[in-house]
Amino acid sequence: MATFFEEIKSPGSIVESPSRRRVLGMLGVAAASPLAPSFARAQSGKSVMRISHVLAEQDNVHRALLRFKDNVEKKSDGQLEVQIYANSTLGSLRVTFESMQLGNLEAGIWDAGTPSNVVPAWAIHELPYIYRDLVHVHKIIDGPVGNQLEKMLLEKVKIRTLAIYDTTFRKIFTRPKPINSLADMKGMRIRVPEVQSYVRCMQLLGANPAPIPWGELYTSLETGVVEGFENKCEAAFNAKLHEQTKFAAYTGHIFVVNPLMVSERWFGGLPKRIQQVVLDAAAESLAWQRVEAPESEKKFEQGMKEAGVTFSRPDPAPFRAAVEPYYKEFGTKFNASELIKRVRET
């Protein structure tokens, strides 16, 4: 990576993500299929836990998973092997989540929007401006509301949440002009994930949202299909999007959570001792990641600045007021008004 930032090392060796073709060959499936049916045992006789995610290997969430892998393999005495597939190697967020539901994948990292496709209330985590600050985020995730959402997902689709990693409050990156006020958002073509809360957020802020896969964003900026996007500095820099954008605004419109989830059917088939090893390793990696995430974002923000990206800090009050109608829309549609109230009053 020819940038200011050397590739970050972590305890243990970093496992390079194999190419999609190689992975598919290993799984013994056609190129059209993202994943093969889950294998209970590796050839050596040990259990295997494949973890999929769409982030770069430099991302602090991937580094947290490396800690998780090291702890699991050591404390299970080699009975459980953890294989991490980064950079969308096994498919998109939607494809891999569906694969886990079908029993074709053991675990992965997602956002809140993906599980909200089966438990809509999960999208509360990513409602615009629902969280005031990081302390508020952790009170909700670690408290009764977070526990309720995890229980709903486990009961409905047999998916267990092992940990919910932090990211940061998102920024808006633009190419043609800076965002100095809410008025500057009007008509801007902004790439968003394929998740309704992001689409609606940008609509209410006056922009034209463009749901485009993350892997297509660089070219979409380069060709003018979109004029900007929203994310964190770490993800933007690792995707080299500083080469296609000139400005960034501290809008803090959405805080993204990255839950580490596992198939309950697979997890329940593990010996009780190994289950506890997995739970303990997830807790340890979460504690490390919560400290690392804000520091990592600061470093990558500095990298963006050194690459020539200019940052602005618009008044957040008009942005917050603009998205207020969405709380009622969402709460009414998904019977989640009481949960939203509990989050906002915490």
# chains A, B, ... in the order shown; residues from 1 in each chain; ligands from 1
$ residues_around --residues "A:Leu154" --least-positions-apart "2" --cutoff "12 Å" --atoms "only C-alpha atoms" --output "list of chain:residue names"
A:Gln101, A:Pro115, A:Val118, A:Val119, A:Asn147, A:Gln148, A:Leu149, A:Glu150, A:Lys151, A:Met152, A:Lys156, A:Val157, A:Lys158, A:Ile159, A:Arg160, A:Thr161, A:Leu162, A:Met261, A:Val262, A:Ser263, A:Glu264, A:Arg265, A:Phe267
$ select_by_dssp --residues "stretch 95-313 of chain A" --states "strand (DSSP E or B)" --output "NGL selection string"
:A and (107-109 or 159-165 or 169 or 171-174 or 189-192 or 208-211 or 228-231 or 247-249 or 255 or 258-263 or 310-312)
$ write_last_selection --atoms "N, CA and C atoms" --output "compact mmCIF listing (two decimals), in the first residue's frame"
# COMPACT_ATOMS: atom_id res chain seq x y z
N ALA A 107 -19.74 -18.01 10.21
CA ALA A 107 -19.76 -16.71 10.90
C ALA A 107 -19.34 -15.58 9.96
N GLY A 108 -19.50 -14.36 10.45
CA GLY A 108 -19.08 -13.20 9.66
C GLY A 108 -19.27 -11.90 10.41
N ILE A 109 -18.80 -10.85 9.78
CA ILE A 109 -18.98 -9.48 10.27
C ILE A 109 -19.95 -8.79 9.32
N ILE A 159 -29.42 -16.99 14.72
CA ILE A 159 -28.12 -16.34 14.54
C ILE A 159 -27.73 -15.68 15.86
N ARG A 160 -26.57 -16.05 16.37
CA ARG A 160 -26.07 -15.56 17.65
C ARG A 160 -25.10 -14.40 17.43
N THR A 161 -25.23 -13.35 18.21
CA THR A 161 -24.30 -12.22 18.16
C THR A 161 -23.22 -12.44 19.21
N LEU A 162 -21.98 -12.58 18.76
CA LEU A 162 -20.86 -12.82 19.68
C LEU A 162 -20.28 -11.52 20.22
N ALA A 163 -20.25 -10.49 19.39
CA ALA A 163 -19.69 -9.19 19.78
C ALA A 163 -20.18 -8.15 18.78
N ILE A 164 -20.23 -6.90 19.21
CA ILE A 164 -20.58 -5.81 18.29
C ILE A 164 -19.44 -4.81 18.31
N TYR A 165 -18.63 -4.84 17.25
CA TYR A 165 -17.47 -3.97 17.16
C TYR A 165 -17.90 -2.54 16.80
N PHE A 169 -18.52 7.52 13.99
CA PHE A 169 -19.58 8.32 13.37
C PHE A 169 -19.12 8.70 11.97
N LYS A 171 -18.67 10.17 8.09
CA LYS A 171 -18.44 11.46 7.45
C LYS A 171 -18.94 11.39 6.00
N ILE A 172 -19.12 12.54 5.39
CA ILE A 172 -19.52 12.58 3.98
C ILE A 172 -18.35 13.12 3.17
N PHE A 173 -17.92 12.35 2.18
CA PHE A 173 -16.79 12.69 1.32
C PHE A 173 -17.33 13.11 -0.05
N THR A 174 -16.83 14.20 -0.58
CA THR A 174 -17.33 14.71 -1.85
C THR A 174 -16.19 15.10 -2.79
N ARG A 189 -25.20 13.73 -5.64
CA ARG A 189 -25.33 12.29 -5.85
C ARG A 189 -24.36 11.57 -4.92
N ILE A 190 -24.90 11.00 -3.85
CA ILE A 190 -24.09 10.39 -2.80
C ILE A 190 -24.29 8.89 -2.78
N ARG A 191 -23.20 8.17 -2.89
CA ARG A 191 -23.27 6.70 -2.79
C ARG A 191 -23.62 6.31 -1.37
N VAL A 192 -24.55 5.36 -1.23
CA VAL A 192 -24.91 4.81 0.07
C VAL A 192 -24.94 3.28 -0.04
N ASN A 208 -29.27 13.11 -3.46
CA ASN A 208 -29.79 12.02 -4.28
C ASN A 208 -28.99 10.77 -3.97
N PRO A 209 -29.52 9.86 -3.15
CA PRO A 209 -28.76 8.66 -2.77
C PRO A 209 -28.64 7.69 -3.93
N ALA A 210 -27.47 7.06 -4.04
CA ALA A 210 -27.20 6.08 -5.09
C ALA A 210 -26.71 4.79 -4.43
N PRO A 211 -27.58 3.79 -4.25
CA PRO A 211 -27.14 2.52 -3.66
C PRO A 211 -26.23 1.76 -4.63
N GLY A 228 -20.05 11.73 -4.47
CA GLY A 228 -19.52 11.56 -3.13
C GLY A 228 -20.03 10.27 -2.50
N PHE A 229 -19.68 10.07 -1.25
CA PHE A 229 -20.09 8.89 -0.50
C PHE A 229 -19.99 9.20 0.98
N GLU A 230 -20.46 8.29 1.81
CA GLU A 230 -20.33 8.48 3.25
C GLU A 230 -19.76 7.20 3.86
N ASN A 231 -18.84 7.38 4.80
CA ASN A 231 -18.20 6.25 5.45
C ASN A 231 -17.23 6.79 6.49
N PHE A 247 -12.91 16.54 -0.62
CA PHE A 247 -13.46 17.13 0.59
C PHE A 247 -14.11 16.08 1.50
N ALA A 248 -14.14 16.37 2.79
CA ALA A 248 -14.81 15.51 3.77
C ALA A 248 -15.47 16.40 4.81
N ALA A 249 -16.67 16.02 5.23
CA ALA A 249 -17.41 16.80 6.22
C ALA A 249 -17.71 15.95 7.45
N PHE A 255 -23.87 6.15 13.09
CA PHE A 255 -22.81 5.35 13.71
C PHE A 255 -23.04 3.90 13.29
N ASN A 258 -20.52 -3.07 13.75
CA ASN A 258 -20.06 -4.24 12.99
C ASN A 258 -20.19 -5.49 13.86
N PRO A 259 -21.36 -6.11 13.88
CA PRO A 259 -21.54 -7.30 14.72
C PRO A 259 -20.85 -8.54 14.17
N LEU A 260 -20.19 -9.27 15.06
CA LEU A 260 -19.65 -10.59 14.75
C LEU A 260 -20.73 -11.59 15.09
N MET A 261 -21.25 -12.27 14.05
CA MET A 261 -22.37 -13.18 14.23
C MET A 261 -22.01 -14.58 13.80
N VAL A 262 -22.69 -15.56 14.38
CA VAL A 262 -22.38 -16.95 14.11
C VAL A 262 -23.68 -17.74 13.99
N SER A 263 -23.67 -18.75 13.16
CA SER A 263 -24.82 -19.64 13.04
C SER A 263 -25.02 -20.39 14.35
N THR A 310 -9.62 18.04 2.19
CA THR A 310 -9.92 19.15 3.09
C THR A 310 -11.17 18.83 3.89
N PHE A 311 -11.10 19.00 5.21
CA PHE A 311 -12.22 18.68 6.09
C PHE A 311 -12.98 19.93 6.52
N SER A 312 -14.30 19.79 6.62
CA SER A 312 -15.15 20.88 7.10
C SER A 312 -16.01 20.37 8.24
$ closest_residue --among "A:Val48, A:Met202, A:Ala282, A:Val195" --to "A:Arg320" --atoms "only C-alpha atoms"
A:Met202
$ closest_residue --among "A:Leu182, A:Leu221, A:Ile124, A:Ala287" --to "A:Ile140" --atoms "only C-alpha atoms"
A:Ile124
$ residues_around --residues "A:Glu345" --least-positions-apart "2" --cutoff "12 Å" --atoms "only C-alpha atoms" --output "VMD selection string"
chain A and resid 130 to 132 136 139 to 140 145 338 to 343
$ write_last_selection --atoms "C-alpha atoms" --output "PDB file, in the first residue's frame"
ATOM      1  CA  ILE A 130     -30.028   8.176  16.922  1.00  0.00           C
ATOM      2  CA  TYR A 131     -26.796   8.145  18.951  1.00  0.00           C
ATOM      3  CA  ARG A 132     -25.376  11.228  20.686  1.00  0.00           C
ATOM      4  CA  HIS A 136     -24.457   6.480  24.375  1.00  0.00           C
ATOM      5  CA  LYS A 139     -25.006   2.023  26.814  1.00  0.00           C
ATOM      6  CA  ILE A 140     -27.474   0.837  24.191  1.00  0.00           C
ATOM      7  CA  VAL A 145     -32.134  -2.654  24.158  1.00  0.00           C
ATOM      8  CA  GLU A 338     -41.118   2.247  21.858  1.00  0.00           C
ATOM      9  CA  LEU A 339     -37.598   0.946  21.143  1.00  0.00           C
ATOM     10  CA  ILE A 340     -36.652   4.230  19.466  1.00  0.00           C
ATOM     11  CA  LYS A 341     -37.975   6.122  22.474  1.00  0.00           C
ATOM     12  CA  ARG A 342     -35.930   3.970  24.837  1.00  0.00           C
ATOM     13  CA  VAL A 343     -32.758   4.595  22.823  1.00  0.00           C
TER      14      VAL A 343
END
$ residues_around --residues "stretch 51-61 of chain A" --least-positions-apart "6" --cutoff "8 Å" --atoms "only C-alpha atoms" --output "PDB file with C-alpha atoms, in the first residue's frame"
ATOM      1  CA  GLU A   7       0.446  -1.973   6.963  1.00  0.00           C
ATOM      2  CA  ILE A   8      -0.553  -2.571  10.551  1.00  0.00           C
ATOM      3  CA  GLU A  16      -3.791 -13.042   3.226  1.00  0.00           C
ATOM      4  CA  VAL A  82     -10.575 -20.052  12.431  1.00  0.00           C
ATOM      5  CA  GLN A  83     -10.328 -18.984   8.786  1.00  0.00           C
ATOM      6  CA  ILE A  84     -10.840 -15.277   8.000  1.00  0.00           C
ATOM      7  CA  TYR A  85     -11.893 -14.139   4.529  1.00  0.00           C
ATOM      8  CA  ALA A  86     -11.607 -10.361   4.032  1.00  0.00           C
ATOM      9  CA  ASN A  87     -12.349  -8.023   1.122  1.00  0.00           C
ATOM     10  CA  SER A  88     -15.680  -9.638   0.153  1.00  0.00           C
ATOM     11  CA  THR A  89     -13.834 -12.800  -0.879  1.00  0.00           C
ATOM     12  CA  LEU A  90     -16.864 -14.960  -0.115  1.00  0.00           C
ATOM     13  CA  GLY A  91     -19.416 -12.451  -1.362  1.00  0.00           C
ATOM     14  CA  SER A  92     -21.348  -9.340  -0.385  1.00  0.00           C
ATOM     15  CA  LEU A  93     -22.926  -8.634   2.999  1.00  0.00           C
ATOM     16  CA  THR A  96     -22.896 -14.132   2.989  1.00  0.00           C
ATOM     17  CA  LEU A 105     -21.126 -20.330   6.410  1.00  0.00           C
ATOM     18  CA  GLU A 106     -20.272 -20.393  10.093  1.00  0.00           C
ATOM     19  CA  ALA A 107     -19.760 -16.707  10.900  1.00  0.00           C
ATOM     20  CA  GLY A 108     -19.077 -13.202   9.665  1.00  0.00           C
ATOM     21  CA  ILE A 109     -18.976  -9.476  10.270  1.00  0.00           C
ATOM     22  CA  TRP A 110     -21.927  -7.425   9.059  1.00  0.00           C
ATOM     23  CA  TYR A 165     -17.469  -3.966  17.165  1.00  0.00           C
ATOM     24  CA  GLU A 234     -10.250   4.140   7.601  1.00  0.00           C
ATOM     25  CA  ALA A 235     -12.474   2.418   5.035  1.00  0.00           C
ATOM     26  CA  ASN A 238      -7.936   1.616   2.503  1.00  0.00           C
ATOM     27  CA  ALA A 239     -10.072   1.710  -0.653  1.00  0.00           C
ATOM     28  CA  GLN A 289     -11.183  -3.162  19.404  1.00  0.00           C
ATOM     29  CA  GLU A 292      -8.237   0.662  18.988  1.00  0.00           C
ATOM     30  CA  ALA A 293     -11.088   1.889  16.756  1.00  0.00           C
ATOM     31  CA  SER A 296      -7.157   3.992  14.192  1.00  0.00           C
TER      32      SER A 296
END
$ residues_around --residues "A:Lys46" --least-positions-apart "6" --cutoff "10 Å" --atoms "only C-alpha atoms" --output "list in words"
Ala40, Gly78, Gln79, Leu80 and Glu81 of chain A
$ write_last_selection --atoms "N, CA and C atoms" --output "PDB file, in the first residue's frame"
ATOM      1  N   ALA A  40     -18.336 -29.687   8.582  1.00  0.00           N
ATOM      2  CA  ALA A  40     -18.248 -29.785  10.038  1.00  0.00           C
ATOM      3  C   ALA A  40     -16.813 -29.959  10.498  1.00  0.00           C
ATOM      4  N   GLY A  78      -6.126 -26.263  19.466  1.00  0.00           N
ATOM      5  CA  GLY A  78      -6.137 -26.632  18.059  1.00  0.00           C
ATOM      6  C   GLY A  78      -7.375 -27.377  17.604  1.00  0.00           C
ATOM      7  N   GLN A  79      -8.363 -27.523  18.480  1.00  0.00           N
ATOM      8  CA  GLN A  79      -9.575 -28.258  18.090  1.00  0.00           C
ATOM      9  C   GLN A  79     -10.473 -27.444  17.157  1.00  0.00           C
ATOM     10  N   LEU A  80     -10.320 -26.115  17.202  1.00  0.00           N
ATOM     11  CA  LEU A  80     -11.128 -25.257  16.341  1.00  0.00           C
ATOM     12  C   LEU A  80     -10.203 -24.336  15.542  1.00  0.00           C
ATOM     13  N   GLU A  81     -10.274 -24.448  14.244  1.00  0.00           N
ATOM     14  CA  GLU A  81      -9.489 -23.605  13.344  1.00  0.00           C
ATOM     15  C   GLU A  81     -10.369 -22.457  12.841  1.00  0.00           C
TER      16      GLU A  81
END
$ closest_residue --among "A:Asn180, A:Thr168, A:Asn104, A:Thr114" --to "A:Leu134" --atoms "only C-alpha atoms"
A:Thr168
